[in-house]
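Colleague: Following this message is one structure expressed as structure tokens.
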Amino acid sequence: MVSWPHTRLHYGGDRCVAISGPHIQVVHAPTGEILHATKCATNILCSAIDAHCSHIVTTGDDKQLRVWAAAGLVLKSARELPKKVTAIKLTGDGHTIIAADKFGDVFSYPLDPPTSLALAPTRMAEAKRESVASHENPHGALVLGHASIITTFLLSHDGRCIITADRDEHIRVSRYPQGYIIERYCLGHERYVSALCLPSFSPGILVSGGGDPHLNIWDWMSGTLTCQIPILDCVRPFLRVKENKQHWHRRQAAGRPPRAGRKGRRRGKKANDQNEEKEEQMVVDESVEPVADAINTEEPSEEEEPVLAVANIEAFEFDGEKVLVFSATGGTALFYCNFPSGPSEVPSLRHLDLAHPILDFGLGPGGHILISIDVDWGSTEESPIKSPVRAVTWREGESDIIYISNYLIASASEVAALGLYADLALLPKHADGPEYGEGDDPDPEVGDGDASTVSQSDAKKPTARIVGRLKTKQALLKKQELEQTSSRSVSGDERESKRAKLDEED
């Protein structure tokens with residue numbers, strides 16, 4: 001029996017908002033009793049709540065930005081967005097929604113849209129054909145843009161700055177709402193950045209993590225890296241979910257050929273057609289019922305290095321003790337340590353093993369932590385319904401179970417379509433794999449030697465496509481050199497002829 005996992009948990013007072021695929025549930029946190037519940041038309045990708053848990057904002061596969069009243073889960077408004085959202089937040093006053101999309105743009109939207117647009121979202125199909133810029137948006141105001149996918153962002157506690165992180169190792173500090181004014185960069189990551197945290201007890205400190213083997217602690221107001229916390233050795237034993245290019249495996253399971261890459265399509269395509277292909281949602285063949293969570297059940301082999309992707313970082317202060325807590329995508333443990341008090345201090349990392357991959361966690365009052373786990377991960381046969389939420393009290397350090405009275409049952413294909421561990425394949429910049437064999441591989445660097453000598457190792461030789469590209473680039477370089485040489489010789493001849501004319505005139 002497969003159930004909808006809680007992909008997002010938002011703690012607000014004594015209530016918790018749980019997002020499970022297309023379902024939204026408002027739960028009484030101490031008891032697990034469901035207060036309100038509703039269902040969207042499509043799976044929810046991103047969600048956020050305000051400080052008082054009075055409004056819930058969601059967006060999903062249909063690119064609809066929906067605002068719900070937490071009391072009764074009444075839909076207040078719906079607007080169509082031009083691109084799929086990767087992260088969403090509400091400002092401190094709860095009046096503005098900030099959303100980052102897959103094209104690296106950040107937009108702001110009023111919580112309450114104009115009355116004419118409240119429940120009648122504008123269709124973007126015709127506008128998209130006429131649009132020449134990805135940041136054109138009739139409902140929102142552009143705040144800033146990155147040249148890469150924005151993975152996460154935060155607003156400073158005073159609301160005057162916005163801190164954004166992307167897949168290209170960048171952390172940018174910009175003014176808000178004047179995002180075009182860049183205050184500084186926090187540069188020091190060598191891999192993607194996937195999680196940010198601004199501790200409430202230290203507003204000038206930023207904690208960041210992603211694919212690097214350590215967490216970085218910054219003085220973000222000056223862009224200075226003050227401390228690093230090594231995490232890889234502690235986290236690696238608990239990375240149980242194998243990296244997987246999920247859309248590739250779903251197509252194989254359905255018996256369909258792999259999709260051609262962007263570079264594999266015929267030339268002459270318009271730019272907007274390529275953008276539409278990027279946005280195309282993978283359709284799962286419902287006639288093929290895969291094994292429950294089949295794409296997530298394999299564990300990394302001893303020879304295979306697991307992919308590290310920090311999923312969530314939080315910090316809190318309880319009884320005078322400052323604590324840093326984080327989780328990793330596909331990891332079965334929650335990791336925590338004392339917050340470092342100085343640059344030279346390296347705190348010891350501890351863990352709470354829950355035996356199942358952690359999907360999300362939320363901090364509550366009094367040192368309470370709610371943890372969502374994937375209880376169906378690794379199961380090969382039907383088992384009794386288990387609760388996917390664990391409650392941890394900081395001082396006790398024990399995991400209690402919160403049982404949810406109205407459990408949500410799903411099919412294996414519906415859960416597989418959620419892409420619970422998609423970040424393990426999407427965030428790293430792969431150099432090989434099936435997806436790159438179809439034309440999406442990055443162009444290798446061109447050296448001075450012959451193309452036949454360019455290879456990553458004896459075991460991994462360059463493909464005919466790569467060798468062809470190298471030869472073409474080298475031919476273009478030689479052609480450019482010849483043109484430059486000929487142009488220099490022509491200019492030299494012209495100078496000589498001018499000098500001869502001047503001599504004759506004299």
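The way I read the labels, and the way they are meant: chains A, B, ... in the order of the structure tokens, residue 1 as the first residue of every chain, and ligand 1 as the first ligand shown, with later ones counted on from there.
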Using only C-alpha atoms, which residues sit within 7 Å of Phe326 of chain A once same-chain residues fewer than 3 positions away are excluded, as a PyMOL selection string?

Modeller: chain A and resi 312-314+334-336

Colleague: Based on DSSP run over this structure's backbone, return all residues of segment 27-207 of chain A in strand (DSSP E), as number ranges by chain.

Modeller: A: 27-28, 33-39, 44-49, 55-60, 64-69, 74-80, 85-90, 96-101, 105-110, 141-145, 150-155, 161-166, 171-175, 182-185, 193-197, 205-207

Colleague: Give me the residues within 10 Å of Gly94 of chain A as a list in words, counting only C-alpha atoms and dropping any in the same chain fewer than 4 places off.

Modeller: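 After dropping sequence-adjacent residues, the list is Ile49, Asp50, Ala51, His52, Cys53, Ser54, His55, Lys89, Leu90, Pro110 and Leu111 of chain A.
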
Colleague: Those same residues, written as a PDB file, in the first residue's frame with C-alpha atoms?

Modeller:
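Result file is selection-v7.pdb:
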```pdb
ATOM      1  CA  ILE A  49       2.942  30.351   4.669  1.00  0.00           C
ATOM      2  CA  ASP A  50       3.019  33.731   6.386  1.00  0.00           C
ATOM      3  CA  ALA A  51       4.270  34.334   9.909  1.00  0.00           C
ATOM      4  CA  HIS A  52       0.817  33.934  11.464  1.00  0.00           C
ATOM      5  CA  CYS A  53      -0.172  30.900   9.358  1.00  0.00           C
ATOM      6  CA  SER A  54      -3.213  32.767   8.059  1.00  0.00           C
ATOM      7  CA  HIS A  55      -2.413  32.369   4.337  1.00  0.00           C
ATOM      8  CA  LYS A  89       8.370  33.036   0.027  1.00  0.00           C
ATOM      9  CA  LEU A  90       6.157  35.615   1.696  1.00  0.00           C
ATOM     10  CA  PRO A 110       0.724  41.251  -4.316  1.00  0.00           C
ATOM     11  CA  LEU A 111      -0.985  38.810  -1.975  1.00  0.00           C
TER      12      LEU A 111
END
```

Colleague: Quick one: distance from atom CA of Leu424 of chain A to atom CA of Ala195 of chain A in Å, one decimal?

Modeller: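 Going from atom CA of Leu424 of chain A over to atom CA of Ala195 of chain A, I get 13.9 Å.
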
Colleague: Please extract the residues of segment 185-254 of chain A with a backbone DSSP assignment of helix (DSSP H, G or I) and present them as an NGL selection string.

Modeller: :A and (232-238 or 246-253)

Colleague: Could you save those same residues with N, CA and C atoms as an mmCIF file, in the first residue's frame?

Modeller:
```
data_model
loop_
_atom_site.group_PDB
_atom_site.id
_atom_site.type_symbol
_atom_site.label_atom_id
_atom_site.label_comp_id
_atom_site.auth_asym_id
_atom_site.auth_seq_id
_atom_site.Cartn_x
_atom_site.Cartn_y
_atom_site.Cartn_z
ATOM 1 N N LEU A 232 30.756 15.974 5.183
ATOM 2 C CA LEU A 232 30.682 14.833 4.277
ATOM 3 C C LEU A 232 30.912 13.511 4.989
ATOM 4 N N ASP A 233 31.921 13.416 5.845
ATOM 5 C CA ASP A 233 32.223 12.145 6.500
ATOM 6 C C ASP A 233 31.079 11.673 7.388
ATOM 7 N N CYS A 234 30.371 12.615 8.000
ATOM 8 C CA CYS A 234 29.239 12.245 8.855
ATOM 9 C C CYS A 234 27.992 11.923 8.046
ATOM 10 N N VAL A 235 27.795 12.639 6.934
ATOM 11 C CA VAL A 235 26.567 12.489 6.156
ATOM 12 C C VAL A 235 26.631 11.288 5.215
ATOM 13 N N ARG A 236 27.819 10.990 4.662
ATOM 14 C CA ARG A 236 27.936 9.971 3.624
ATOM 15 C C ARG A 236 27.306 8.619 4.003
ATOM 16 N N PRO A 237 27.488 8.070 5.217
ATOM 17 C CA PRO A 237 26.890 6.757 5.517
ATOM 18 C C PRO A 237 25.369 6.732 5.473
ATOM 19 N N PHE A 238 24.735 7.907 5.538
ATOM 20 C CA PHE A 238 23.274 7.951 5.580
ATOM 21 C C PHE A 238 22.655 8.376 4.249
ATOM 22 N N GLN A 246 15.480 10.528 -13.396
ATOM 23 C CA GLN A 246 14.203 9.853 -13.261
ATOM 24 C C GLN A 246 13.431 9.790 -14.575
ATOM 25 N N HIS A 247 13.465 10.884 -15.362
ATOM 26 C CA HIS A 247 12.688 10.849 -16.590
ATOM 27 C C HIS A 247 13.240 9.804 -17.548
ATOM 28 N N TRP A 248 14.566 9.581 -17.520
ATOM 29 C CA TRP A 248 15.174 8.566 -18.373
ATOM 30 C C TRP A 248 14.653 7.187 -17.988
ATOM 31 N N HIS A 249 14.617 6.896 -16.672
ATOM 32 C CA HIS A 249 14.196 5.580 -16.229
ATOM 33 C C HIS A 249 12.692 5.377 -16.418
ATOM 34 N N ARG A 250 11.905 6.449 -16.296
ATOM 35 C CA ARG A 250 10.471 6.292 -16.514
ATOM 36 C C ARG A 250 10.185 5.949 -17.971
ATOM 37 N N ARG A 251 10.929 6.550 -18.884
ATOM 38 C CA ARG A 251 10.717 6.237 -20.291
ATOM 39 C C ARG A 251 11.152 4.804 -20.592
ATOM 40 N N GLN A 252 12.231 4.349 -19.939
ATOM 41 C CA GLN A 252 12.645 2.976 -20.139
ATOM 42 C C GLN A 252 11.611 2.013 -19.593
ATOM 43 N N ALA A 253 11.043 2.319 -18.406
ATOM 44 C CA ALA A 253 10.044 1.432 -17.817
ATOM 45 C C ALA A 253 8.787 1.356 -18.672
#
```

Colleague: Find the distance between atom CA of Ala78 of chain A and atom CA of Leu65 of chain A and write it in Å to one decimal.

Modeller: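 Computed distance, atom CA of Ala78 of chain A to atom CA of Leu65 of chain A, equals 5.4 Å.
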
Colleague: Near Val74 of chain A, counting only C-alpha atoms, which residues have an atom at most 10 Å away, once you skip same-chain residues fewer than 3 positions from it, shown as an MDAnalysis selection string?

Modeller: chainID A and resid 36:38 55:56 67:71 77

Colleague: Take atom CA of Ala99 of chain A and atom CA of Val143 of chain A and report the distance between them in Å, one decimal.

Modeller: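 For atom CA of Ala99 of chain A relative to atom CA of Val143 of chain A, the distance reads 9.6 Å.
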